[in-house]
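Worksheet for the structure shown next.
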Amino acid sequence: MNDLLLRALRGEEVERPPVWMMRQAGRTLPEYRAVRAEAGGFKDLLMNPNRAAEVTIQPIEAYGVDAAILFSDILVVPEAMGLPYNLVEKVGPRFPETIRSLADLNRLHEVDPGRDLKYVIDAIEVTLKELQGRVPLIGFAGAPWTLFCYMVEGKGSKDWTLARRMLWEEPALSDALLTAITKATKAYLHAQIEAGVHVVQLFDSWAGSLSRELYVQRILPHMQDLVEGLRGRVPLTVFAKGGSHFLKDLATLPCTALGLDWQTNRQWARRLADEAPGGPKLLQGNLDPSTLYANPGIIRAETHRMIDELGIQRTIANLGHGLYPDIPADHGRAFVQAVKEYTPATERETTTSV
Ligand code: CP3
């Protein structure tokens, strides 16, 4: 197996950083769009283990990445708890019902992943069989705050005002909802690990909507509970988009790696990750995905600069958020190729001056 990612996550010295891209399985690939059309829609695709496995594997060949990430969505957990969602084309996720009161919360139920999320577990099994050990498989879930946002608001939002308002107006209700989400997510990730995923990532996509104080006081304890409950099983990455103002606090979590968005200063984050209380952490990131609209020469130079700044060791090369749907597949390949061909800046300068 190409175990570069796993070696890096174990803290071993590596020849170059492993590379994968958030949202690598998706609309940038024509072969994804074809399978999606055959399946009917997005949910039909992710609930069909054979098709989900197929689109999980596509980016390995299409981009040459060092890892597969399971094709699924973070919203499967709210649905398993009793809050169904739809993905409306060109609009985004919609939940017909939301959680605004204790009565709403009481309608949710505990999640048994083997029953409520069996299609994900089946997709992992099919994927692992078809991957034939080529690259590791990354499992994932939404972090408690990000799922809370969707469950309260019922759809995407710029500032998540209703969700933030609930934290202040209904602290006990908010905490009970976060506790229920955390419990379901923990069971779900344990089930993914049982099924064989090699690494897991928590996506806290809307971390940036909260102040440091609020995140630390009200959200971090749930993150701690979740990450602690998974400690010692497989390497775990926490990606809190927009959360660099509390990266130091996130670094106290017993996770293996921290994901960085593209706004985060790399050298600063490196120092912080090196000094993390439980020992040094890996950093994953963080090229601005919009860089991939540039020509391949620029993509290459920017990718090399990213690795100059993050370093080769304890780095997982990635974007600072997911690939945008209209980024040409060739440009995704240029990014991956640039990581594979990386040589340190000093050697690059020598080569060009000869
Ligand atoms: O390749 C991969 O990264 C694996 C698959 C994956 C998807 N969603 C597939 C998907 C992963 C890891 C996710 C996570 C996810 N889903 C997040 C966290 C990461 C992030 O982007 O911050 C969030 C917030 C969601 C919720 C979600 N799902 C939204 C807001 C949308 C609609 C917006 C959009 O991009 O269209 C989705 C749908 C979705 N999830 C698609 C894909 C490929 C697009 C569906 C399609 O049109 O085919």
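By order of appearance in the structure tokens: chains A, B, ..., then residues from 1 within every chain, and ligands from 1 in the order shown.
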Leaving out region 189-204 of chain A and any residue of its chain fewer than 6 positions from it, which residues lie within 10 Å of it when counting only C-alpha atoms, given as a PyMOL selection string? chain A and resi 5-6+9+67-70+74+112-114+117-118+120-125+127-128+135-147+223+226-227+229-230+233-243+255-259
Go through the chains and note each residue within 8 Å of ligand 1, using only C-alpha atoms and all ligand atoms, then give the set as a PyMOL selection string. chain A and resi 21-27+33+36+41-42+56+69-75+87+89-93+140-142+146+156+203-206+241+321-322+324-325
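Here the DSSP assignment of helix (DSSP H, G or I), based on backbone atoms, applies within region 238-296 of chain A to Ser244, His245, Phe246, Leu247, Lys248, Asp249, Leu250, Arg266, Gln267, Trp268, Ala269, Arg270, Arg271, Leu272, Ala273, Asp274, Pro289, Ser290, Thr291, Leu292, Tyr293 and Pro296 of chain A.
Here the DSSP assignment of strand (DSSP E or B), based on backbone atoms, applies within region 225-339 of chain A to Leu236, Thr237, Val238, Phe239, Ala240, Ala257, Leu258, Gly259, Leu282, Leu283, Gln284, Gly285, Asn286, Leu287, Thr315, Ile316, Ala317, Asn318 and Leu319 of chain A.
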Could those selected residues go to a file with N, CA and C atoms, as a PDB file, in the first residue's frame?
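selection-v9.pdb, freshly written:
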```
ATOM      1  N   LEU A 236      -6.467  11.136  13.984  1.00  0.00           N
ATOM      2  CA  LEU A 236      -7.639  12.000  13.822  1.00  0.00           C
ATOM      3  C   LEU A 236      -7.207  13.437  13.532  1.00  0.00           C
ATOM      4  N   THR A 237      -7.842  14.030  12.535  1.00  0.00           N
ATOM      5  CA  THR A 237      -7.572  15.426  12.160  1.00  0.00           C
ATOM      6  C   THR A 237      -8.780  16.281  12.506  1.00  0.00           C
ATOM      7  N   VAL A 238      -8.528  17.431  13.104  1.00  0.00           N
ATOM      8  CA  VAL A 238      -9.595  18.401  13.360  1.00  0.00           C
ATOM      9  C   VAL A 238      -9.396  19.581  12.415  1.00  0.00           C
ATOM     10  N   PHE A 239     -10.392  19.812  11.569  1.00  0.00           N
ATOM     11  CA  PHE A 239     -10.339  20.950  10.644  1.00  0.00           C
ATOM     12  C   PHE A 239     -11.446  21.926  11.042  1.00  0.00           C
ATOM     13  N   ALA A 240     -11.046  23.031  11.655  1.00  0.00           N
ATOM     14  CA  ALA A 240     -12.011  24.048  12.088  1.00  0.00           C
ATOM     15  C   ALA A 240     -11.854  25.252  11.179  1.00  0.00           C
ATOM     16  N   ALA A 257      -3.667  15.657  14.121  1.00  0.00           N
ATOM     17  CA  ALA A 257      -3.373  16.726  13.158  1.00  0.00           C
ATOM     18  C   ALA A 257      -4.412  17.831  13.261  1.00  0.00           C
ATOM     19  N   LEU A 258      -3.979  19.029  12.879  1.00  0.00           N
ATOM     20  CA  LEU A 258      -4.893  20.170  12.782  1.00  0.00           C
ATOM     21  C   LEU A 258      -4.974  20.589  11.321  1.00  0.00           C
ATOM     22  N   GLY A 259      -6.179  20.739  10.828  1.00  0.00           N
ATOM     23  CA  GLY A 259      -6.375  21.237   9.471  1.00  0.00           C
ATOM     24  C   GLY A 259      -6.339  22.758   9.494  1.00  0.00           C
ATOM     25  N   LEU A 282       0.641  17.218  13.593  1.00  0.00           N
ATOM     26  CA  LEU A 282       0.790  17.488  12.162  1.00  0.00           C
ATOM     27  C   LEU A 282      -0.103  18.654  11.775  1.00  0.00           C
ATOM     28  N   LEU A 283       0.255  19.282  10.657  1.00  0.00           N
ATOM     29  CA  LEU A 283      -0.610  20.309  10.080  1.00  0.00           C
ATOM     30  C   LEU A 283      -1.051  19.851   8.692  1.00  0.00           C
ATOM     31  N   GLN A 284      -2.319  20.084   8.403  1.00  0.00           N
ATOM     32  CA  GLN A 284      -2.853  19.735   7.092  1.00  0.00           C
ATOM     33  C   GLN A 284      -3.381  20.992   6.416  1.00  0.00           C
ATOM     34  N   GLY A 285      -2.922  21.218   5.196  1.00  0.00           N
ATOM     35  CA  GLY A 285      -3.445  22.386   4.499  1.00  0.00           C
ATOM     36  C   GLY A 285      -2.480  22.824   3.441  1.00  0.00           C
ATOM     37  N   ASN A 286      -2.632  24.045   3.143  1.00  0.00           N
ATOM     38  CA  ASN A 286      -3.752  24.958   3.279  1.00  0.00           C
ATOM     39  C   ASN A 286      -3.784  25.916   2.091  1.00  0.00           C
ATOM     40  N   LEU A 287      -3.511  25.384   0.893  1.00  0.00           N
ATOM     41  CA  LEU A 287      -3.497  26.263  -0.287  1.00  0.00           C
ATOM     42  C   LEU A 287      -4.902  26.821  -0.521  1.00  0.00           C
ATOM     43  N   THR A 315       3.640  17.373   7.774  1.00  0.00           N
ATOM     44  CA  THR A 315       2.725  18.146   6.927  1.00  0.00           C
ATOM     45  C   THR A 315       1.927  17.198   6.045  1.00  0.00           C
ATOM     46  N   ILE A 316       0.646  17.489   5.911  1.00  0.00           N
ATOM     47  CA  ILE A 316      -0.200  16.809   4.925  1.00  0.00           C
ATOM     48  C   ILE A 316      -0.649  17.892   3.951  1.00  0.00           C
ATOM     49  N   ALA A 317      -0.194  17.779   2.713  1.00  0.00           N
ATOM     50  CA  ALA A 317      -0.540  18.817   1.733  1.00  0.00           C
ATOM     51  C   ALA A 317      -2.002  18.680   1.334  1.00  0.00           C
ATOM     52  N   ASN A 318      -2.699  19.805   1.376  1.00  0.00           N
ATOM     53  CA  ASN A 318      -4.119  19.824   1.055  1.00  0.00           C
ATOM     54  C   ASN A 318      -4.476  21.262   0.683  1.00  0.00           C
ATOM     55  N   LEU A 319      -5.748  21.495   0.426  1.00  0.00           N
ATOM     56  CA  LEU A 319      -6.235  22.849   0.197  1.00  0.00           C
ATOM     57  C   LEU A 319      -6.739  23.397   1.528  1.00  0.00           C
TER      58      LEU A 319
END
```
Any idea what's packed within 12 Å of Leu29 (chain A), counting only C-alpha atoms, ignoring anything in its chain fewer than 4 positions away? Could you give it as a list in words?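 These residues fall inside the cut-off: Arg23, Gln24, Ala25, Arg33, Ala34, Val35, Arg36, Val55, Thr56, Ile57, Gln58, Pro59, Ile60, Glu61, Ala62, Tyr63, Leu323, Tyr324, Pro325, Asp326, Ile327, Pro328, Ala329, Asp330, His331, Gly332 and Arg333 of chain A.
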Surrounding residues of Tyr215 (chain A) excluding itself and chain neighbours under 2 positions, 12 Å, only C-alpha atoms, as a ChimeraX atom specification: /A:144-146,164,167,204,206-213,217-224,240,242-247,249-250
